[in-house]
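Heads up, input02.cif below (mmCIF, N, CA and C atoms):
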```
data_run
#
loop_
_atom_site.label_atom_id
_atom_site.label_comp_id
_atom_site.auth_asym_id
_atom_site.auth_seq_id
_atom_site.Cartn_x
_atom_site.Cartn_y
_atom_site.Cartn_z
N GLN V 1 -10.94 -15.69 -1.71
CA GLN V 1 -10.26 -14.59 -2.39
C GLN V 1 -10.86 -13.27 -1.95
N VAL V 2 -10.01 -12.29 -1.73
CA VAL V 2 -10.44 -10.97 -1.28
C VAL V 2 -10.43 -10.02 -2.47
N GLN V 3 -11.49 -9.23 -2.58
CA GLN V 3 -11.54 -8.19 -3.61
C GLN V 3 -11.13 -6.86 -2.97
N LEU V 4 -10.24 -6.17 -3.62
CA LEU V 4 -9.69 -4.91 -3.10
C LEU V 4 -9.96 -3.77 -4.08
N VAL V 5 -10.33 -2.62 -3.55
CA VAL V 5 -10.57 -1.44 -4.38
C VAL V 5 -9.88 -0.25 -3.74
N GLU V 6 -8.95 0.35 -4.47
CA GLU V 6 -8.25 1.53 -4.00
C GLU V 6 -8.99 2.80 -4.43
N SER V 7 -8.83 3.84 -3.63
CA SER V 7 -9.38 5.14 -3.97
C SER V 7 -8.54 6.22 -3.30
N GLY V 8 -8.77 7.45 -3.71
CA GLY V 8 -8.12 8.58 -3.07
C GLY V 8 -6.97 9.20 -3.83
N GLY V 9 -6.61 8.60 -4.97
CA GLY V 9 -5.54 9.19 -5.76
C GLY V 9 -5.96 10.51 -6.40
N GLY V 10 -4.97 11.16 -6.97
CA GLY V 10 -5.27 12.42 -7.64
C GLY V 10 -4.01 13.16 -8.03
N LEU V 11 -4.22 14.39 -8.50
CA LEU V 11 -3.12 15.28 -8.90
C LEU V 11 -2.93 16.33 -7.82
N VAL V 12 -1.72 16.38 -7.26
CA VAL V 12 -1.41 17.35 -6.21
C VAL V 12 -0.07 17.99 -6.50
N GLN V 13 0.24 19.02 -5.73
CA GLN V 13 1.52 19.69 -5.86
C GLN V 13 2.50 19.15 -4.83
N ALA V 14 3.77 19.31 -5.11
CA ALA V 14 4.80 18.89 -4.16
C ALA V 14 4.55 19.54 -2.80
N GLY V 15 4.67 18.75 -1.75
CA GLY V 15 4.43 19.23 -0.41
C GLY V 15 3.02 18.98 0.10
N ASP V 16 2.12 18.64 -0.79
CA ASP V 16 0.74 18.37 -0.41
C ASP V 16 0.60 16.98 0.22
N SER V 17 -0.61 16.69 0.66
CA SER V 17 -0.92 15.39 1.26
C SER V 17 -2.07 14.74 0.51
N LEU V 18 -2.09 13.42 0.58
CA LEU V 18 -3.20 12.62 0.07
C LEU V 18 -3.40 11.44 1.00
N LYS V 19 -4.64 10.96 1.06
CA LYS V 19 -4.92 9.76 1.83
C LYS V 19 -5.56 8.74 0.90
N LEU V 20 -4.89 7.62 0.71
CA LEU V 20 -5.42 6.54 -0.09
C LEU V 20 -6.16 5.55 0.80
N SER V 21 -7.19 4.96 0.24
CA SER V 21 -7.94 3.94 0.95
C SER V 21 -8.01 2.67 0.13
N CYS V 22 -8.02 1.56 0.83
CA CYS V 22 -8.15 0.24 0.23
C CYS V 22 -9.31 -0.45 0.92
N ALA V 23 -10.38 -0.66 0.17
CA ALA V 23 -11.58 -1.29 0.72
C ALA V 23 -11.62 -2.75 0.29
N ALA V 24 -11.90 -3.62 1.24
CA ALA V 24 -11.88 -5.06 0.98
C ALA V 24 -13.27 -5.66 1.12
N SER V 25 -13.51 -6.68 0.33
CA SER V 25 -14.74 -7.46 0.44
C SER V 25 -14.42 -8.92 0.14
N GLY V 26 -15.15 -9.80 0.79
CA GLY V 26 -14.89 -11.22 0.60
C GLY V 26 -13.70 -11.67 1.43
N GLY V 27 -13.67 -12.89 1.83
CA GLY V 27 -12.54 -13.41 2.57
C GLY V 27 -12.49 -12.88 4.00
N THR V 28 -11.45 -13.26 4.70
CA THR V 28 -11.26 -12.84 6.08
C THR V 28 -10.15 -11.80 6.11
N PHE V 29 -10.51 -10.63 5.70
CA PHE V 29 -9.54 -9.56 5.49
C PHE V 29 -8.75 -9.25 6.74
N SER V 30 -9.41 -9.22 7.88
CA SER V 30 -8.78 -8.74 9.11
C SER V 30 -7.67 -9.66 9.61
N ASP V 31 -7.62 -10.88 9.12
CA ASP V 31 -6.63 -11.83 9.62
C ASP V 31 -5.25 -11.65 8.98
N TYR V 32 -5.20 -10.94 7.86
CA TYR V 32 -3.98 -11.00 7.05
C TYR V 32 -3.33 -9.64 6.85
N PRO V 33 -2.04 -9.66 6.59
CA PRO V 33 -1.35 -8.39 6.31
C PRO V 33 -1.85 -7.76 5.01
N VAL V 34 -1.65 -6.47 4.92
CA VAL V 34 -1.95 -5.73 3.70
C VAL V 34 -0.74 -4.88 3.35
N GLY V 35 -0.40 -4.89 2.10
CA GLY V 35 0.71 -4.08 1.63
C GLY V 35 0.25 -3.04 0.63
N TRP V 36 0.96 -1.92 0.61
CA TRP V 36 0.81 -0.92 -0.44
C TRP V 36 2.06 -0.97 -1.31
N PHE V 37 1.84 -0.94 -2.59
CA PHE V 37 2.93 -0.94 -3.56
C PHE V 37 2.67 0.18 -4.57
N ARG V 38 3.69 0.55 -5.31
CA ARG V 38 3.50 1.55 -6.35
C ARG V 38 4.34 1.22 -7.57
N GLN V 39 3.84 1.68 -8.70
CA GLN V 39 4.52 1.42 -9.96
C GLN V 39 4.51 2.67 -10.82
N ALA V 40 5.68 3.19 -11.09
CA ALA V 40 5.84 4.33 -11.97
C ALA V 40 6.00 3.82 -13.41
N PRO V 41 5.71 4.66 -14.39
CA PRO V 41 5.82 4.23 -15.79
C PRO V 41 7.21 3.70 -16.12
N GLY V 42 7.27 2.52 -16.71
CA GLY V 42 8.54 1.94 -17.12
C GLY V 42 9.35 1.34 -16.00
N LYS V 43 8.78 1.28 -14.80
CA LYS V 43 9.52 0.75 -13.65
C LYS V 43 8.79 -0.44 -13.05
N GLU V 44 9.51 -1.16 -12.20
CA GLU V 44 8.91 -2.29 -11.52
C GLU V 44 7.98 -1.81 -10.41
N ARG V 45 7.11 -2.71 -9.98
CA ARG V 45 6.23 -2.41 -8.86
C ARG V 45 7.04 -2.54 -7.57
N ASP V 46 7.05 -1.48 -6.78
CA ASP V 46 7.88 -1.41 -5.59
C ASP V 46 7.05 -1.39 -4.30
N PHE V 47 7.61 -1.93 -3.27
CA PHE V 47 6.99 -1.93 -1.95
C PHE V 47 6.97 -0.51 -1.37
N VAL V 48 5.87 -0.16 -0.72
CA VAL V 48 5.75 1.14 -0.06
C VAL V 48 5.59 0.97 1.45
N ALA V 49 4.60 0.18 1.86
CA ALA V 49 4.32 0.03 3.29
C ALA V 49 3.48 -1.23 3.47
N ALA V 50 3.49 -1.76 4.70
CA ALA V 50 2.66 -2.91 5.02
C ALA V 50 2.24 -2.85 6.47
N ILE V 51 1.12 -3.52 6.76
CA ILE V 51 0.59 -3.55 8.10
C ILE V 51 0.12 -4.97 8.41
N GLY V 52 0.36 -5.41 9.63
CA GLY V 52 -0.06 -6.74 10.02
C GLY V 52 -1.58 -6.83 10.19
N GLY V 53 -2.04 -8.08 10.33
CA GLY V 53 -3.48 -8.31 10.41
C GLY V 53 -4.14 -7.57 11.56
N GLY V 54 -3.49 -7.54 12.69
CA GLY V 54 -4.05 -6.85 13.85
C GLY V 54 -3.77 -5.37 13.86
N GLY V 55 -2.93 -4.94 12.95
CA GLY V 55 -2.59 -3.52 12.87
C GLY V 55 -1.48 -3.09 13.82
N GLY V 56 -0.93 -4.05 14.56
CA GLY V 56 0.07 -3.68 15.55
C GLY V 56 1.48 -3.56 15.03
N VAL V 57 1.71 -4.03 13.83
CA VAL V 57 3.06 -3.97 13.27
C VAL V 57 2.99 -3.38 11.88
N THR V 58 3.93 -2.50 11.60
CA THR V 58 4.00 -1.85 10.29
C THR V 58 5.45 -1.80 9.84
N THR V 59 5.63 -1.60 8.55
CA THR V 59 6.96 -1.40 8.00
C THR V 59 6.84 -0.55 6.75
N TYR V 60 7.90 0.19 6.45
CA TYR V 60 7.87 1.15 5.36
C TYR V 60 9.15 1.06 4.52
N ALA V 61 9.02 1.42 3.28
CA ALA V 61 10.20 1.64 2.46
C ALA V 61 10.95 2.85 3.00
N ASP V 62 12.25 2.84 2.89
CA ASP V 62 13.07 3.93 3.41
C ASP V 62 12.66 5.27 2.81
N SER V 63 12.25 5.26 1.56
CA SER V 63 11.95 6.51 0.85
C SER V 63 10.69 7.19 1.36
N VAL V 64 9.86 6.48 2.14
CA VAL V 64 8.60 7.07 2.58
C VAL V 64 8.42 7.05 4.08
N LYS V 65 9.30 6.43 4.82
CA LYS V 65 9.02 6.10 6.22
C LYS V 65 8.83 7.32 7.11
N THR V 66 9.35 8.46 6.74
CA THR V 66 9.12 9.65 7.58
C THR V 66 7.93 10.47 7.09
N ARG V 67 7.30 10.05 5.99
CA ARG V 67 6.25 10.86 5.38
C ARG V 67 4.90 10.13 5.26
N PHE V 68 4.92 8.81 5.17
CA PHE V 68 3.70 8.03 4.97
C PHE V 68 3.34 7.27 6.23
N THR V 69 2.04 7.07 6.45
CA THR V 69 1.56 6.28 7.57
C THR V 69 0.48 5.31 7.09
N ILE V 70 0.67 4.04 7.38
CA ILE V 70 -0.33 3.03 7.04
C ILE V 70 -1.13 2.69 8.29
N SER V 71 -2.43 2.48 8.10
CA SER V 71 -3.30 2.12 9.21
C SER V 71 -4.44 1.26 8.68
N ARG V 72 -5.15 0.61 9.59
CA ARG V 72 -6.26 -0.21 9.15
C ARG V 72 -7.40 -0.13 10.16
N ASP V 73 -8.61 -0.29 9.63
CA ASP V 73 -9.82 -0.35 10.43
C ASP V 73 -10.52 -1.64 10.05
N ASN V 74 -10.29 -2.68 10.82
CA ASN V 74 -10.83 -3.99 10.46
C ASN V 74 -12.36 -4.03 10.57
N ALA V 75 -12.92 -3.18 11.39
CA ALA V 75 -14.38 -3.12 11.49
C ALA V 75 -15.00 -2.63 10.18
N LYS V 76 -14.25 -1.81 9.47
CA LYS V 76 -14.72 -1.26 8.20
C LYS V 76 -14.06 -1.93 7.00
N ASN V 77 -13.19 -2.90 7.26
CA ASN V 77 -12.48 -3.61 6.18
C ASN V 77 -11.73 -2.65 5.27
N THR V 78 -11.02 -1.73 5.88
CA THR V 78 -10.25 -0.77 5.10
C THR V 78 -8.83 -0.63 5.63
N VAL V 79 -7.94 -0.34 4.71
CA VAL V 79 -6.57 0.03 5.04
C VAL V 79 -6.28 1.35 4.36
N SER V 80 -5.67 2.25 5.09
CA SER V 80 -5.39 3.58 4.56
C SER V 80 -3.89 3.84 4.48
N LEU V 81 -3.55 4.73 3.58
CA LEU V 81 -2.16 5.19 3.47
C LEU V 81 -2.18 6.71 3.45
N GLN V 82 -1.79 7.30 4.55
CA GLN V 82 -1.69 8.76 4.64
C GLN V 82 -0.34 9.18 4.10
N MET V 83 -0.35 10.02 3.08
CA MET V 83 0.89 10.44 2.43
C MET V 83 1.06 11.94 2.60
N ASN V 84 2.09 12.33 3.31
CA ASN V 84 2.39 13.73 3.54
C ASN V 84 3.67 14.15 2.83
N SER V 85 3.84 15.44 2.68
CA SER V 85 5.05 15.99 2.06
C SER V 85 5.38 15.27 0.75
N LEU V 86 4.39 15.17 -0.10
CA LEU V 86 4.56 14.42 -1.34
C LEU V 86 5.60 15.08 -2.24
N LYS V 87 6.31 14.22 -2.96
CA LYS V 87 7.36 14.65 -3.87
C LYS V 87 7.03 14.17 -5.29
N PRO V 88 7.57 14.83 -6.30
CA PRO V 88 7.32 14.36 -7.67
C PRO V 88 7.70 12.89 -7.87
N GLU V 89 8.72 12.43 -7.18
CA GLU V 89 9.13 11.03 -7.32
C GLU V 89 8.16 10.03 -6.68
N ASP V 90 7.14 10.54 -6.00
CA ASP V 90 6.08 9.67 -5.48
C ASP V 90 5.02 9.38 -6.55
N THR V 91 5.13 10.02 -7.68
CA THR V 91 4.17 9.81 -8.76
C THR V 91 4.20 8.36 -9.23
N ALA V 92 3.04 7.71 -9.20
CA ALA V 92 2.94 6.30 -9.57
C ALA V 92 1.48 5.87 -9.46
N VAL V 93 1.22 4.66 -9.93
CA VAL V 93 -0.05 4.00 -9.62
C VAL V 93 0.18 3.23 -8.32
N TYR V 94 -0.71 3.44 -7.37
CA TYR V 94 -0.60 2.81 -6.06
C TYR V 94 -1.59 1.65 -5.96
N TYR V 95 -1.09 0.52 -5.50
CA TYR V 95 -1.89 -0.70 -5.36
C TYR V 95 -1.86 -1.19 -3.92
N CYS V 96 -2.99 -1.72 -3.46
CA CYS V 96 -2.98 -2.47 -2.22
C CYS V 96 -3.10 -3.95 -2.55
N ALA V 97 -2.60 -4.77 -1.64
CA ALA V 97 -2.58 -6.20 -1.88
C ALA V 97 -2.63 -6.93 -0.55
N THR V 98 -3.13 -8.16 -0.60
CA THR V 98 -3.17 -8.98 0.58
C THR V 98 -3.01 -10.45 0.20
N THR V 99 -2.79 -11.27 1.19
CA THR V 99 -2.62 -12.69 0.97
C THR V 99 -2.81 -13.41 2.28
N ASP V 100 -3.22 -14.66 2.19
CA ASP V 100 -3.39 -15.46 3.40
C ASP V 100 -2.21 -16.39 3.64
N ASP V 101 -1.14 -16.19 2.86
CA ASP V 101 0.00 -17.10 2.97
C ASP V 101 1.30 -16.31 2.82
N ILE V 102 1.72 -15.69 3.91
CA ILE V 102 2.94 -14.90 3.86
C ILE V 102 3.54 -14.82 5.25
N ARG V 103 4.85 -14.79 5.32
CA ARG V 103 5.56 -14.55 6.57
C ARG V 103 5.97 -13.08 6.59
N TRP V 104 6.13 -12.53 7.76
CA TRP V 104 6.42 -11.11 7.86
C TRP V 104 7.74 -10.77 7.15
N TYR V 105 8.70 -11.71 7.14
CA TYR V 105 9.97 -11.40 6.50
C TYR V 105 9.83 -11.33 4.98
N GLU V 106 8.69 -11.79 4.45
CA GLU V 106 8.44 -11.74 3.01
C GLU V 106 7.57 -10.54 2.63
N ILE V 107 7.24 -9.72 3.59
CA ILE V 107 6.17 -8.74 3.41
C ILE V 107 6.44 -7.75 2.29
N ARG V 108 7.67 -7.55 1.91
CA ARG V 108 8.00 -6.59 0.86
C ARG V 108 8.04 -7.20 -0.54
N ARG V 109 7.80 -8.47 -0.66
CA ARG V 109 7.92 -9.16 -1.94
C ARG V 109 6.59 -9.17 -2.68
N THR V 110 6.52 -8.52 -3.82
CA THR V 110 5.28 -8.47 -4.58
C THR V 110 4.80 -9.86 -4.96
N SER V 111 5.71 -10.78 -5.20
CA SER V 111 5.35 -12.12 -5.66
C SER V 111 4.61 -12.93 -4.61
N ARG V 112 4.64 -12.50 -3.38
CA ARG V 112 4.00 -13.27 -2.31
C ARG V 112 2.55 -12.90 -2.09
N TYR V 113 2.07 -11.91 -2.80
CA TYR V 113 0.69 -11.44 -2.61
C TYR V 113 -0.23 -12.05 -3.68
N ASN V 114 -1.40 -12.48 -3.25
CA ASN V 114 -2.33 -13.13 -4.18
C ASN V 114 -3.42 -12.20 -4.70
N ASP V 115 -3.86 -11.29 -3.87
CA ASP V 115 -5.02 -10.47 -4.20
C ASP V 115 -4.59 -9.02 -4.32
N TRP V 116 -4.92 -8.40 -5.44
CA TRP V 116 -4.52 -7.03 -5.75
C TRP V 116 -5.72 -6.19 -6.15
N GLY V 117 -5.66 -4.92 -5.83
CA GLY V 117 -6.64 -3.99 -6.36
C GLY V 117 -6.24 -3.54 -7.75
N GLN V 118 -7.07 -2.65 -8.31
CA GLN V 118 -6.84 -2.19 -9.67
C GLN V 118 -5.89 -1.00 -9.74
N GLY V 119 -5.62 -0.41 -8.60
CA GLY V 119 -4.69 0.71 -8.53
C GLY V 119 -5.37 2.06 -8.59
N THR V 120 -4.70 3.06 -8.02
CA THR V 120 -5.16 4.44 -8.09
C THR V 120 -3.96 5.32 -8.41
N GLN V 121 -4.16 6.26 -9.33
CA GLN V 121 -3.06 7.10 -9.80
C GLN V 121 -2.80 8.25 -8.85
N VAL V 122 -1.55 8.42 -8.50
CA VAL V 122 -1.10 9.59 -7.73
C VAL V 122 -0.08 10.33 -8.59
N THR V 123 -0.36 11.60 -8.83
CA THR V 123 0.55 12.43 -9.61
C THR V 123 0.92 13.66 -8.80
N VAL V 124 2.21 13.86 -8.62
CA VAL V 124 2.70 14.99 -7.83
C VAL V 124 3.49 15.91 -8.76
N SER V 125 3.01 17.12 -8.89
CA SER V 125 3.69 18.09 -9.76
C SER V 125 4.67 18.92 -8.96
N SER V 126 5.72 19.35 -9.62
CA SER V 126 6.75 20.13 -8.94
C SER V 126 6.45 21.62 -8.97
#
```
Hey, can you dump this file as structure tokens for me?
Amino acid sequence: QVQLVESGGGLVQAGDSLKLSCAASGGTFSDYPVGWFRQAPGKERDFVAAIGGGGGVTTYADSVKTRFTISRDNAKNTVSLQMNSLKPEDTAVYYCATTDDIRWYEIRRTSRYNDWGQGTQVTVSS
């Protein structure tokens, strides 16, 4: 089992940038995909972005694909989410997650992930 800890959230204004980090310990982190998800109050947890184990393949939700960039540094056991041009609708708790049992076509499904961090709050004011 992999332990994940998110950091980097905060309160920013619309148009600002934030970089979230997901630090992993335990398990073979570098072998498996990592996803970022977010959950706004009263809403379901939604897919944001994902990156393959080697870092060579990524995918994004349509709502963020021109503004967010996911990357990973397997030497440091971290995955980052660079968020630019933030909007009030990006306000949510952001979670990273990983699993050792997933196909790439399932990468957007929250139910397929076994290991989750505790989340970090991102609040974007208008």
Next on the checklist: Run DSSP on the backbone and tell me which residues of region 4-120 of chain V come out as strand (DSSP E or B); list them as an NGL selection string.
Outcome noted: :V and (4-7 or 10-13 or 18-25 or 34-39 or 45-51 or 58-60 or 68-73 or 78-83 or 92-98 or 115-116 or 120)
Item to check | Resolved residues for the PyMOL selection byres (((chain V and resi 102-107 and name CA) around 9) and name CA) as a PyMOL selection string | outcome: chain V and resi 32-35+47+49-52+59+99-101+108-110+112-113
Next on the checklist: Applying the PyMOL selection byres (((chain V and resi 18-20 and name CA) around 9) and name CA) to the file I just gave you, which residues come out? Please list them as a PyMOL selection string.
Outcome noted: chain V and resi 6-10+12+16-17+21-22+79-84+86+94+120+122
Item to check | Close residues, Ser30 (chain V) itself excluded, 6 Å, all atoms listed in the file, min 4 positions apart in chain, as a ChimeraX atom specification | outcome: /V:53-54,74
Item to check | Separation of CA of Val124 (chain V) from CA of Thr69 (chain V) in Å | outcome: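 Going from CA of Thr69 (chain V) over to CA of Val124 (chain V) covers 17.7 Å.
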Item to check | Answer as number ranges by chain, residues within 6.5 Å of (-18.4, -8.3, -0.5) using all atoms listed in the file | outcome: V: 24-26
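Taking CA of Gln39 (chain V) and CA of Ala75 (chain V) as endpoints, the distance between them is 28.9 Å.
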Checklist entry - Using the chain letters and numbers from the file, which residues does the PyMOL selection byres ((chain V and resi 40) around 6) grab, as a ChimeraX atom specification? => result /V:38-39,41-44,91-93
Checklist entry - Of the residues V:Ile70, V:Ala97, V:Ala23, V:Ala61, which is the one nearest to Gly117 (chain V), using only N, CA and C atoms? => result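 Result for the nearest residue to Gly117 (chain V): V:Ala97.
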Checklist outcome for this item: Here atom C of Phe68 (chain V) and atom C of Ser85 (chain V) stand apart by 9.9 Å
Extending 6 Å beyond the listed atoms of region 56-62 of chain V on each side, what axis-aligned box results? I want centre and edge lengths in Å to one decimal, as JSON.
```
{"center_x": 6.1, "center_y": 0.6, "center_z": 9.0, "size_x": 26.0, "size_y": 21.3, "size_z": 25.1}
```
Item to check | Among listed residues V:Ser111, V:Glu89, V:Gln1, V:Arg45, nearest Val64 (chain V) (using only C-alpha atoms) | outcome: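 Using only C-alpha atoms, the shortest distance to Val64 (chain V) belongs to V:Glu89.
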Checklist entry - Which residue out of V:Tyr95, V:Val48, V:Ser71, V:Ser126 has the minimum interatomic distance to Gly15 (chain V) when all atoms listed in the file are used? => result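 Using all atoms listed in the file, the shortest distance to Gly15 (chain V) belongs to V:Ser126.
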Item to check | All helix (DSSP H, G or I) residues (DSSP, backbone) inside region 2-116 of chain V, as a ChimeraX atom specification | outcome: /V:29-31,88-90,104-106,110-112
Checklist entry - Between V:Asp46, V:Trp36, V:Val5, V:Ser125, which is the closest to Lys87 (chain V) once you count only C-alpha atoms? => result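 Closest residue, counting only C-alpha atoms: V:Ser125.
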Checklist entry - Pick the closest to Pro88 (chain V) from V:Gln3, V:Asp31, V:Gly56, V:Gln13: which is it, counting all atoms listed in the file? => result V:Gln13
